[in-house]
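Novice: File follows, work36.tsv with TSV, C-alpha atoms and all ligand atoms:
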chain	number	residue	atom	x	y	z
A	1	MET	CA	103.29	89.25	76.42
A	2	SER	CA	101.65	92.63	77.13
A	3	ASN	CA	98.95	94.03	74.86
A	4	ASN	CA	100.39	97.49	75.32
A	5	TRP	CA	101.69	97.85	71.76
A	6	ILE	CA	102.88	101.43	72.23
A	7	GLU	CA	105.00	100.55	75.24
A	8	ARG	CA	106.42	97.57	73.37
A	9	ALA	CA	107.08	99.66	70.25
A	10	ASP	CA	108.85	102.35	72.26
A	11	LYS	CA	111.39	99.75	73.39
A	12	VAL	CA	112.26	98.37	69.96
A	13	VAL	CA	111.13	100.72	67.16
A	14	MET	CA	113.27	103.76	66.36
A	15	ASN	CA	111.56	107.01	67.29
A	16	THR	CA	111.99	108.68	63.92
A	17	TYR	CA	108.37	109.85	63.68
A	18	GLY	CA	106.13	111.76	66.07
A	19	ARG	CA	103.46	109.06	66.18
A	20	GLN	CA	99.91	109.51	67.44
A	21	PRO	CA	99.11	107.26	70.40
A	22	LEU	CA	96.92	105.03	68.27
A	23	VAL	CA	97.42	101.39	67.30
A	24	LEU	CA	95.46	100.79	64.11
A	25	VAL	CA	94.55	97.21	63.35
A	26	LYS	CA	91.92	97.29	60.62
A	27	GLY	CA	90.57	99.47	57.83
A	28	GLU	CA	87.69	99.46	55.39
A	29	GLY	CA	87.21	102.22	52.84
A	30	CYS	CA	87.80	105.48	54.68
A	31	ARG	CA	87.31	104.02	58.17
A	32	VAL	CA	89.92	102.52	60.48
A	33	TRP	CA	89.72	100.77	63.85
A	34	ASP	CA	92.15	100.77	66.75
A	35	ASP	CA	93.15	97.80	68.89
A	36	ALA	CA	90.35	98.60	71.35
A	37	GLY	CA	87.76	98.40	68.57
A	38	LYS	CA	87.19	102.17	68.37
A	39	GLU	CA	86.27	103.41	64.88
A	40	TYR	CA	87.78	106.50	63.22
A	41	LEU	CA	87.24	108.31	59.94
A	42	ASP	CA	90.57	108.16	58.12
A	43	PHE	CA	91.36	111.57	56.63
A	44	VAL	CA	95.04	110.67	56.29
A	45	ALA	CA	94.75	107.70	53.90
A	46	GLY	CA	98.28	106.58	54.78
A	47	LEU	CA	99.50	110.09	53.91
A	48	ALA	CA	97.95	110.06	50.46
A	49	VAL	CA	98.69	106.39	49.79
A	50	CYS	CA	95.34	104.59	49.89
A	51	ASN	CA	93.54	106.27	47.01
A	52	LEU	CA	90.82	103.64	47.00
A	53	GLY	CA	90.70	103.29	50.76
A	54	HIS	CA	91.52	100.29	52.91
A	55	SER	CA	90.74	96.67	52.05
A	56	HIS	CA	89.51	97.42	48.56
A	57	PRO	CA	88.17	94.09	47.22
A	58	ASP	CA	89.84	94.36	43.79
A	59	ILE	CA	93.23	95.11	45.30
A	60	ALA	CA	92.86	92.39	47.93
A	61	LYS	CA	91.80	89.87	45.28
A	62	ALA	CA	94.67	90.76	42.94
A	63	ALA	CA	97.25	90.62	45.75
A	64	ALA	CA	95.94	87.31	47.11
A	65	ALA	CA	95.92	85.75	43.64
A	66	GLN	CA	99.49	86.88	43.04
A	67	LEU	CA	100.64	85.45	46.37
A	68	THR	CA	99.48	82.01	45.36
A	69	GLN	CA	101.35	82.30	42.05
A	70	LEU	CA	104.73	84.02	42.34
A	71	VAL	CA	106.10	86.16	45.16
A	72	HIS	CA	109.42	87.63	44.12
A	73	VAL	CA	111.78	87.31	41.20
A	74	SER	CA	114.81	89.28	40.19
A	75	ASN	CA	114.93	92.22	37.83
A	76	ILE	CA	116.74	89.95	35.40
A	77	TYR	CA	113.39	88.39	34.38
A	78	TYR	CA	110.26	89.71	32.78
A	79	THR	CA	106.97	89.28	34.60
A	80	THR	CA	103.42	89.78	33.38
A	81	PRO	CA	102.30	92.31	36.05
A	82	MET	CA	105.33	94.45	35.18
A	83	VAL	CA	104.17	94.68	31.57
A	84	GLU	CA	100.50	95.17	32.43
A	85	LEU	CA	101.17	97.99	34.87
A	86	ALA	CA	103.62	99.76	32.57
A	87	GLU	CA	101.14	99.50	29.67
A	88	THR	CA	98.38	100.94	31.85
A	89	LEU	CA	100.50	103.88	32.99
A	90	VAL	CA	101.73	104.61	29.49
A	91	ARG	CA	98.17	104.49	28.12
A	92	LEU	CA	96.97	106.93	30.77
A	93	SER	CA	99.83	109.42	30.61
A	94	PHE	CA	102.08	111.40	28.25
A	95	ALA	CA	104.96	108.99	28.77
A	96	ASP	CA	106.08	106.04	26.75
A	97	ARG	CA	108.21	104.20	29.26
A	98	VAL	CA	108.16	103.43	32.96
A	99	PHE	CA	110.91	102.85	35.49
A	100	PHE	CA	109.82	100.99	38.62
A	101	ALA	CA	111.21	101.61	42.09
A	102	ASN	CA	110.23	100.98	45.70
A	103	SER	CA	109.10	104.39	46.89
A	104	GLY	CA	108.57	107.99	45.89
A	105	ALA	CA	112.02	108.95	47.09
A	106	GLU	CA	113.54	106.28	44.88
A	107	ALA	CA	111.43	107.36	41.92
A	108	ASN	CA	112.95	110.83	42.36
A	109	GLU	CA	116.43	109.37	42.68
A	110	GLY	CA	115.82	107.58	39.39
A	111	ALA	CA	114.59	110.81	37.78
A	112	ILE	CA	117.66	112.74	38.97
A	113	LYS	CA	119.96	110.02	37.67
A	114	LEU	CA	118.11	109.96	34.37
A	115	CYS	CA	118.51	113.74	33.95
A	116	ARG	CA	122.20	113.64	34.81
A	117	ARG	CA	122.88	110.75	32.49
A	118	TYR	CA	120.88	112.25	29.64
A	119	SER	CA	122.63	115.59	29.99
A	120	ARG	CA	126.07	114.02	30.23
A	121	GLU	CA	125.58	111.90	27.17
A	122	LYS	CA	124.00	114.68	25.13
A	123	PHE	CA	125.98	117.71	26.27
A	124	GLY	CA	129.07	116.33	28.01
A	125	PRO	CA	130.23	116.57	31.65
A	126	GLY	CA	129.73	119.52	34.02
A	127	ARG	CA	126.01	119.89	33.39
A	128	HIS	CA	124.66	117.98	36.37
A	129	ARG	CA	122.81	120.40	38.64
A	130	VAL	CA	119.08	120.22	39.33
A	131	ILE	CA	117.08	123.29	40.29
A	132	SER	CA	114.21	122.65	42.65
A	133	ALA	CA	111.97	124.87	44.75
A	134	LEU	CA	112.21	126.21	48.25
A	135	ASN	CA	109.59	124.55	50.45
A	136	SER	CA	109.58	121.49	48.24
A	137	PHE	CA	109.59	117.90	49.42
A	138	HIS	CA	111.03	115.09	47.34
A	139	GLY	CA	111.73	112.31	49.84
A	140	ARG	CA	114.09	111.16	52.56
A	141	THR	CA	116.84	109.21	50.83
A	142	LEU	CA	120.05	111.20	50.62
A	143	GLY	CA	119.63	112.25	46.98
A	144	ALA	CA	115.94	113.10	47.27
A	145	LEU	CA	116.65	114.92	50.52
A	146	SER	CA	119.34	116.95	48.80
A	147	ALA	CA	116.71	117.99	46.24
A	148	THR	CA	114.27	118.95	49.00
A	149	GLY	CA	114.15	122.69	49.64
A	150	GLN	CA	113.46	122.64	53.38
A	151	GLU	CA	116.29	122.96	55.84
A	152	LYS	CA	114.42	121.28	58.67
A	153	PHE	CA	114.67	117.99	56.79
A	154	HIS	CA	118.40	118.46	56.15
A	155	GLN	CA	119.45	119.14	59.72
A	156	GLY	CA	121.73	116.49	61.15
A	157	PHE	CA	122.32	114.74	57.83
A	158	GLU	CA	124.81	117.15	56.29
A	159	PRO	CA	126.77	117.13	54.12
A	160	LEU	CA	124.09	116.53	51.54
A	161	LEU	CA	124.81	115.73	47.91
A	162	GLU	CA	126.26	118.46	45.76
A	163	GLY	CA	124.37	119.51	42.65
A	164	PHE	CA	121.13	121.16	43.75
A	165	LYS	CA	119.97	124.79	43.69
A	166	PHE	CA	116.79	126.18	45.18
A	167	VAL	CA	114.57	129.01	44.00
A	168	PRO	CA	111.22	130.27	45.32
A	169	PHE	CA	108.25	128.37	43.89
A	170	ASN	CA	106.14	130.40	41.48
A	171	ASP	CA	108.96	132.84	40.65
A	172	LEU	CA	109.95	132.46	37.02
A	173	GLY	CA	112.50	135.28	37.20
A	174	ALA	CA	114.37	133.56	40.03
A	175	LEU	CA	114.34	130.29	38.12
A	176	ALA	CA	115.63	131.89	34.93
A	177	ALA	CA	118.40	133.64	36.91
A	178	ALA	CA	119.49	130.33	38.46
A	179	VAL	CA	120.00	128.60	35.11
A	180	ASP	CA	123.61	128.40	34.02
A	181	GLY	CA	125.83	125.95	32.19
A	182	SER	CA	125.92	123.59	35.19
A	183	VAL	CA	122.17	122.89	35.19
A	184	CYS	CA	120.56	119.86	33.53
A	185	ALA	CA	117.02	119.85	34.92
A	186	VAL	CA	114.24	121.52	36.87
A	187	LEU	CA	112.39	119.42	39.45
A	188	LEU	CA	109.07	120.72	40.78
A	189	GLU	CA	105.92	119.52	42.48
A	190	PRO	CA	103.11	120.97	40.32
A	191	ILE	CA	101.34	121.80	43.59
A	192	GLN	CA	103.57	121.79	46.64
A	193	GLY	CA	102.21	119.36	49.24
A	194	GLU	CA	104.43	119.06	52.29
A	195	GLY	CA	105.37	122.76	51.89
A	196	GLY	CA	101.77	123.78	52.60
A	197	VAL	CA	99.52	123.11	49.59
A	198	CYS	CA	100.96	125.92	47.45
A	199	LEU	CA	99.31	126.25	44.06
A	200	PRO	CA	101.23	127.65	41.09
A	201	ASP	CA	99.97	130.74	39.26
A	202	ALA	CA	97.97	129.81	36.18
A	203	ASP	CA	100.87	130.21	33.72
A	204	TYR	CA	103.83	129.39	35.94
A	205	LEU	CA	104.32	125.77	34.91
A	206	LYS	CA	103.78	126.55	31.23
A	207	ASP	CA	106.41	129.29	31.49
A	208	VAL	CA	108.77	126.88	33.23
A	209	ARG	CA	108.21	124.42	30.38
A	210	ARG	CA	109.08	127.15	27.86
A	211	LEU	CA	112.22	128.11	29.78
A	212	CYS	CA	113.32	124.46	29.95
A	213	ASP	CA	112.83	124.12	26.19
A	214	GLU	CA	114.80	127.29	25.51
A	215	LYS	CA	117.68	126.22	27.77
A	216	ARG	CA	117.49	122.55	26.81
A	217	LEU	CA	116.76	121.42	30.36
A	218	LEU	CA	114.62	118.47	31.33
A	219	LEU	CA	111.48	119.26	33.33
A	220	VAL	CA	110.68	116.71	36.03
A	221	LEU	CA	107.33	116.93	37.80
A	222	ASP	CA	107.08	115.17	41.14
A	223	GLU	CA	103.44	114.03	41.19
A	224	ILE	CA	103.95	111.66	44.08
A	225	GLN	CA	101.51	113.65	46.20
A	226	THR	CA	99.32	115.12	43.45
A	227	GLY	CA	99.13	112.29	40.92
A	228	LEU	CA	96.70	109.44	40.39
A	229	GLY	CA	93.51	111.40	40.78
A	230	ARG	CA	94.22	113.24	43.98
A	231	THR	CA	93.46	116.67	42.54
A	232	GLY	CA	90.47	115.62	40.45
A	233	LYS	CA	92.40	115.00	37.25
A	234	LEU	CA	94.61	111.96	36.88
A	235	PHE	CA	97.75	114.15	37.02
A	236	ALA	CA	97.86	117.70	38.37
A	237	HIS	CA	99.87	119.01	35.41
A	238	GLU	CA	96.81	118.41	33.22
A	239	TYR	CA	95.27	121.53	34.79
A	240	TYR	CA	98.12	123.69	33.60
A	241	GLY	CA	98.41	122.81	29.92
A	242	LEU	CA	101.91	121.36	29.74
A	243	LYS	CA	103.70	118.04	29.66
A	244	PRO	CA	106.86	117.36	31.64
A	245	ASP	CA	109.74	115.28	30.34
A	246	VAL	CA	109.71	113.03	33.37
A	247	MET	CA	107.06	112.47	36.02
A	248	THR	CA	107.45	110.62	39.30
A	249	LEU	CA	104.55	108.81	40.98
A	250	ALA	CA	104.14	106.69	44.10
A	251	LYS	CA	101.76	106.52	47.03
A	252	GLY	CA	98.42	105.82	45.30
A	253	HIS	CA	99.98	102.73	43.74
A	254	ARG	CA	100.41	101.00	47.06
A	255	ARG	CA	103.65	102.87	47.77
A	256	SER	CA	105.75	101.61	45.00
A	257	GLY	CA	107.38	104.39	43.07
A	258	ARG	CA	107.35	104.88	39.35
A	259	GLY	CA	109.24	107.28	37.18
A	260	LEU	CA	107.55	107.89	33.89
A	261	ARG	CA	109.63	109.26	31.16
A	262	PRO	CA	108.99	110.10	27.61
A	263	ARG	CA	110.75	109.37	24.41
A	264	ARG	CA	113.08	112.35	24.42
A	265	ALA	CA	115.34	111.31	27.26
A	266	CYS	CA	114.92	107.60	26.76
A	267	GLN	CA	115.58	107.38	23.11
A	268	HIS	CA	118.84	109.15	23.51
A	269	LEU	CA	119.91	106.70	26.18
A	270	ARG	CA	118.49	103.78	24.28
A	271	GLY	CA	120.50	104.78	21.28
A	272	ARG	CA	123.58	103.85	23.27
A	273	ALA	CA	122.40	100.33	23.98
A	274	GLY	CA	125.57	98.90	22.54
A	275	HIS	CA	127.50	100.52	25.36
A	276	ARG	CA	125.86	98.62	28.12
A	277	ARG	CA	127.51	99.15	31.46
A	278	ARG	CA	127.25	97.57	34.84
A	279	GLY	CA	124.00	98.54	36.49
A	280	GLN	CA	122.50	99.54	33.20
A	281	GLY	CA	119.53	97.84	31.64
A	282	ARG	CA	119.71	95.89	28.43
A	283	ARG	CA	118.40	98.81	26.43
A	284	GLY	CA	120.73	101.27	28.01
A	285	THR	CA	118.14	102.86	30.28
A	286	LEU	CA	118.85	103.59	33.91
A	287	LYS	CA	118.22	100.46	35.82
A	288	ARG	CA	119.77	100.26	39.22
A	289	ARG	CA	121.13	96.92	40.19
A	290	LYS	CA	119.39	95.88	43.35
A	291	VAL	CA	118.37	92.45	44.48
A	292	SER	CA	115.00	93.53	45.78
A	293	GLY	CA	114.87	96.77	43.82
A	294	GLY	CA	111.35	97.91	43.37
A	295	GLY	CA	108.59	97.47	41.00
A	296	PRO	CA	106.75	94.72	39.34
A	297	GLY	CA	109.89	92.98	38.20
A	298	GLN	CA	110.06	91.90	41.80
A	299	ARG	CA	107.24	93.46	43.78
A	300	LEU	CA	104.65	91.43	42.01
A	301	LEU	CA	102.18	91.97	44.77
A	302	CYS	CA	102.36	95.74	44.40
A	303	ALA	CA	102.06	95.52	40.68
A	304	LYS	CA	99.12	93.22	40.71
A	305	GLY	CA	97.29	95.53	43.09
A	306	ALA	CA	98.32	98.68	41.26
A	307	VAL	CA	96.70	97.81	37.95
A	308	PRO	CA	93.14	97.86	39.35
A	309	VAL	CA	93.99	101.05	41.28
A	310	ALA	CA	95.10	102.87	38.14
A	311	ARG	CA	92.10	101.64	36.17
A	312	GLN	CA	89.57	102.57	38.84
A	313	ILE	CA	91.04	106.02	39.44
A	314	SER	CA	91.23	106.86	35.77
A	315	GLY	CA	87.85	105.32	35.00
A	316	ASN	CA	89.24	103.26	32.11
B	1	LIG	C1	105.91	115.36	46.66
B	1	LIG	C2	106.53	114.15	47.31
B	1	LIG	N1	107.62	113.61	46.75
B	1	LIG	C3	108.23	112.54	47.28
B	1	LIG	C4	107.74	111.94	48.42
B	1	LIG	C5	108.44	110.75	48.98
B	1	LIG	O1	107.68	109.60	48.75
B	1	LIG	P1	107.96	108.27	49.61
B	1	LIG	O2	107.51	108.57	51.00
B	1	LIG	O3	107.13	107.21	48.93
B	1	LIG	O4	109.42	107.99	49.51
B	1	LIG	C6	106.60	112.48	49.06
B	1	LIG	C7	106.10	111.87	50.30
B	1	LIG	O5	105.32	112.46	51.03
B	1	LIG	C8	105.99	113.61	48.49
B	1	LIG	O6	104.90	114.17	49.05
Take the structure in the file and write it out as structure tokens.
Specialist:
Amino acid sequence: MSNNWIERADKVVMNTYGRQPLVLVKGEGCRVWDDAGKEYLDFVAGLAVCNLGHSHPDIAKAAAAQLTQLVHVSNIYYTTPMVELAETLVRLSFADRVFFANSGAEANEGAIKLCRRYSREKFGPGRHRVISALNSFHGRTLGALSATGQEKFHQGFEPLLEGFKFVPFNDLGALAAAVDGSVCAVLLEPIQGEGGVCLPDADYLKDVRRLCDEKRLLLVLDEIQTGLGRTGKLFAHEYYGLKPDVMTLAKGHRRSGRGLRPRRACQHLRGRAGHRRRGQGRRGTLKRRKVSGGGPGQRLLCAKGAVPVARQISGN
């Protein structure tokens, strides 16, 4: 069999990405090596995934230990890494509960579903739209793509899901004008990443928070790119003096997505625990029914590795 990995890949791997002609085989910290042994400085970090670099000993140790213990179980069981990771995230953030998924896109899907469900149960039907920003990026699954405010990502996949409106980032007037009786939530990256590293004005996010409170909308911050220490603070919203209702994270936790959500939305849903439906968790929270659905319920390896990542990044 040929050692020309690129030629072999071109025959069998779908060409959905414009890949660099590099076959990477090894990494250590911020350095990676190709299949010819050439060393590179890795400024990409898996597109903001490897917060602690490659082959971090604590992550490797935790993952190896988990592999010798338990590999995968269903969401219908509790596991210890699930609890440990959720406790760590809750301790380090504003939130009091965590929803685990497989990726950032799925974390955003979960957040959108949470907002719709919360709004429906609290205010009744017809209030399902989410306002997000032009130039935003929220992921490539159909729902997250529909929330993404960049046409280039939509092309060829239409029709997208109904229920999203877009306004310019950093424009409170445009956001206020877009709010009507059909809207349940605002979804923003605190600092736009994919859209070109666009910072908000100093008071923008605080003003958005105020508007959401006035209009009884949930504020979701997508911190998949900015969270877990990437901007210097653990979460970018800490710079701007506000707390969202829901925050989505991924990447830095070895690519398994988490939606963090606080009491307000959850308690309402939890209060309806007696009305458990198919696909709904025991406590009435949004739990999608998937055999290999993400998170430490099943992705024990991810979870085991993610606890040391969160602790190291936060310093406690
Ligand atoms: C802000 C933001 N949200 C969501 C995503 C999607 O995350 P994932 O690739 O883990 O699905 C990304 C990925 O780049 C992102 O930057």
Novice: Just give me the gap between CA of Asp10 (chain A) and CA of Val44 (chain A) in Å, one decimal is fine.
Specialist: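 Calculated distance between CA of Asp10 (chain A) and CA of Val44 (chain A) is 22.7 Å.
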Novice: Counting only C-alpha atoms and all ligand atoms, name the residues that have an atom within 10 Å of an atom of ligand LIG 1 (chain B); the answer should be given as a VMD selection string.
Specialist: chain A and resid 46 to 49 101 to 109 136 to 141 144 to 145 148 188 to 195 221 to 227 248 to 258
Novice: Just want the 9 Å neighbourhood of Leu242 (chain A), counted on all atoms listed in the file, with same-chain residues fewer than 5 positions away dropped. Output as a PyMOL selection string.
Specialist: chain A and resi 205-206+209+237
Novice: Suppose you want the space between CA of His56 (chain A) and CA of Gly315 (chain A); what is it in Å?
Specialist: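 Pair CA of His56 (chain A) / CA of Gly315 (chain A) returns 15.8 Å.
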Novice: Ranking A:Gly29, A:Asn15, A:Tyr204, A:Lys215 by minimum distance to Ile59 (chain A) and counting all atoms listed in the file, which one comes first?
Specialist: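 Nearest to Ile59 (chain A): A:Gly29.
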Novice: My list of candidates is A:Val13, A:Leu199, A:Leu89, A:Ala62. Which is closest to Leu228 (chain A) when distances are computed with all atoms listed in the file?
Specialist: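 Of the candidates, the smallest distance to Leu228 (chain A) is held by A:Leu89.
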Novice: Measure the distance from CA of Cys50 (chain A) to CA of Gln20 (chain A) in Å and round it to one decimal.
Specialist: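 So the answer is 18.8 Å.
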Novice: Taking all atoms of region 50-67 of chain A that the file lists, what box with edges along x, y and z, padded by 5 Å per side, do you get, with centre and edge lengths in Å to one decimal, as lines of an AutoDock Vina configuration file?
Specialist:
center_x = 94.4
center_y = 95.9
center_z = 47.9
size_x = 22.5
size_y = 30.8
size_z = 20.0
Novice: If we count only C-alpha atoms, what is near Asp35 (chain A) at a cut-off of 8 Å, once residues fewer than 5 positions away on the same chain are taken out, given as a PyMOL selection string?
Specialist: chain A and resi 23-25
Novice: With a distance cut-off of 8 Å and all atoms listed in the file, select the neighbouring residues of Phe169 (chain A), excluding the residue or stretch itself and same-chain residues fewer than 6 positions from it, and output the selection as a list of chain:residue names.
Specialist: A:Ala133, A:Leu134, A:Asn135, A:Pro200
Novice: Selection from above, C-alpha atoms, as a CSV table (one decimal), keeping the file's coordinate frame, can you write it?
Specialist:
chain,number,residue,atom,x,y,z
A,133,ALA,CA,112.0,124.9,44.8
A,134,LEU,CA,112.2,126.2,48.2
A,135,ASN,CA,109.6,124.6,50.4
A,200,PRO,CA,101.2,127.6,41.1
Novice: So, with only C-alpha atoms as the atoms that count, which of A:Arg210, A:Gly196, A:Arg31, A:Met82 lies closest to Leu172 (chain A)?
Specialist: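 Going through A:Arg210, A:Gly196, A:Arg31, A:Met82 one by one, the smallest distance to Leu172 (chain A) is for A:Arg210.
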Novice: Compare A:Gly181, A:Pro244, A:Gly37, A:Pro125 by their minimum atom-to-atom distance to Asp213 (chain A), counting only C-alpha atoms, and give me the closest one.
Specialist: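 Smallest separation from Asp213 (chain A) among the options: A:Pro244.
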Novice: Which one of A:Asn51, A:Ser119, A:Thr79, A:Thr231 sits closest to Gln312 (chain A) if you count all atoms listed in the file?
Specialist: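 The answer is A:Asn51, which sits nearest to Gln312 (chain A).
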Novice: Any idea what's packed within 12 Å of Gly124 (chain A), counting all atoms listed in the file, ignoring anything in its chain fewer than 5 positions away? Could you give it as a list of chain:residue names?
Specialist: A:Arg116, A:Arg117, A:Tyr118, A:Ser119, A:Gly181, A:Ser182, A:Val183, A:Cys184
Novice: Pick out the residues sitting within 12 Å of Leu22 (chain A), and hand them over as JSON, numbers by chain; count only C-alpha atoms, and ignore anything fewer than 2 positions along from it in its own chain.
Specialist: {"A": [4, 5, 6, 7, 9, 18, 19, 20, 24, 25, 26, 32, 33, 34, 35, 36, 37, 38, 39, 40]}
Novice: Using only C-alpha atoms, please write the residues we just selected to a file, as a PDB file, in the coordinates of the input.
Specialist:
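See again_31.pdb below for the written result:
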ATOM      1  CA  ASN A   4     100.390  97.490  75.320  1.00  0.00           C
ATOM      2  CA  TRP A   5     101.690  97.850  71.760  1.00  0.00           C
ATOM      3  CA  ILE A   6     102.880 101.430  72.230  1.00  0.00           C
ATOM      4  CA  GLU A   7     105.000 100.550  75.240  1.00  0.00           C
ATOM      5  CA  ALA A   9     107.080  99.660  70.250  1.00  0.00           C
ATOM      6  CA  GLY A  18     106.130 111.760  66.070  1.00  0.00           C
ATOM      7  CA  ARG A  19     103.460 109.060  66.180  1.00  0.00           C
ATOM      8  CA  GLN A  20      99.910 109.510  67.440  1.00  0.00           C
ATOM      9  CA  LEU A  24      95.460 100.790  64.110  1.00  0.00           C
ATOM     10  CA  VAL A  25      94.550  97.210  63.350  1.00  0.00           C
ATOM     11  CA  LYS A  26      91.920  97.290  60.620  1.00  0.00           C
ATOM     12  CA  VAL A  32      89.920 102.520  60.480  1.00  0.00           C
ATOM     13  CA  TRP A  33      89.720 100.770  63.850  1.00  0.00           C
ATOM     14  CA  ASP A  34      92.150 100.770  66.750  1.00  0.00           C
ATOM     15  CA  ASP A  35      93.150  97.800  68.890  1.00  0.00           C
ATOM     16  CA  ALA A  36      90.350  98.600  71.350  1.00  0.00           C
ATOM     17  CA  GLY A  37      87.760  98.400  68.570  1.00  0.00           C
ATOM     18  CA  LYS A  38      87.190 102.170  68.370  1.00  0.00           C
ATOM     19  CA  GLU A  39      86.270 103.410  64.880  1.00  0.00           C
ATOM     20  CA  TYR A  40      87.780 106.500  63.220  1.00  0.00           C
TER      21      TYR A  40
END
Novice: Find the residue from A:Val186, A:Val12, A:Ile76, A:Ile313 that sits nearest to Val246 (chain A); use all atoms listed in the file when measuring.
Specialist: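 Of all the options, A:Val186 lies closest to Val246 (chain A).
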Novice: Find the residues with any atom within 6 Å of (122.1, 118.3, 39.6); use only C-alpha atoms and the coordinates as given in the file, and write the answer as a list in words.
Specialist: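 Looking at atoms near the point gives His128, Arg129, Val130, Gly163 and Phe164 of chain A.
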Novice: Write the residues of the selection above to a file with C-alpha atoms, as a short mmCIF file (atom, residue, chain, number, x, y, z; two decimals), keeping the file's coordinate frame.
Specialist:
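Final file, part-v1.cif:
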data_model
loop_
_atom_site.label_atom_id
_atom_site.label_comp_id
_atom_site.auth_asym_id
_atom_site.auth_seq_id
_atom_site.Cartn_x
_atom_site.Cartn_y
_atom_site.Cartn_z
CA HIS A 128 124.66 117.98 36.37
CA ARG A 129 122.81 120.40 38.64
CA VAL A 130 119.08 120.22 39.33
CA GLY A 163 124.37 119.51 42.65
CA PHE A 164 121.13 121.16 43.75
#
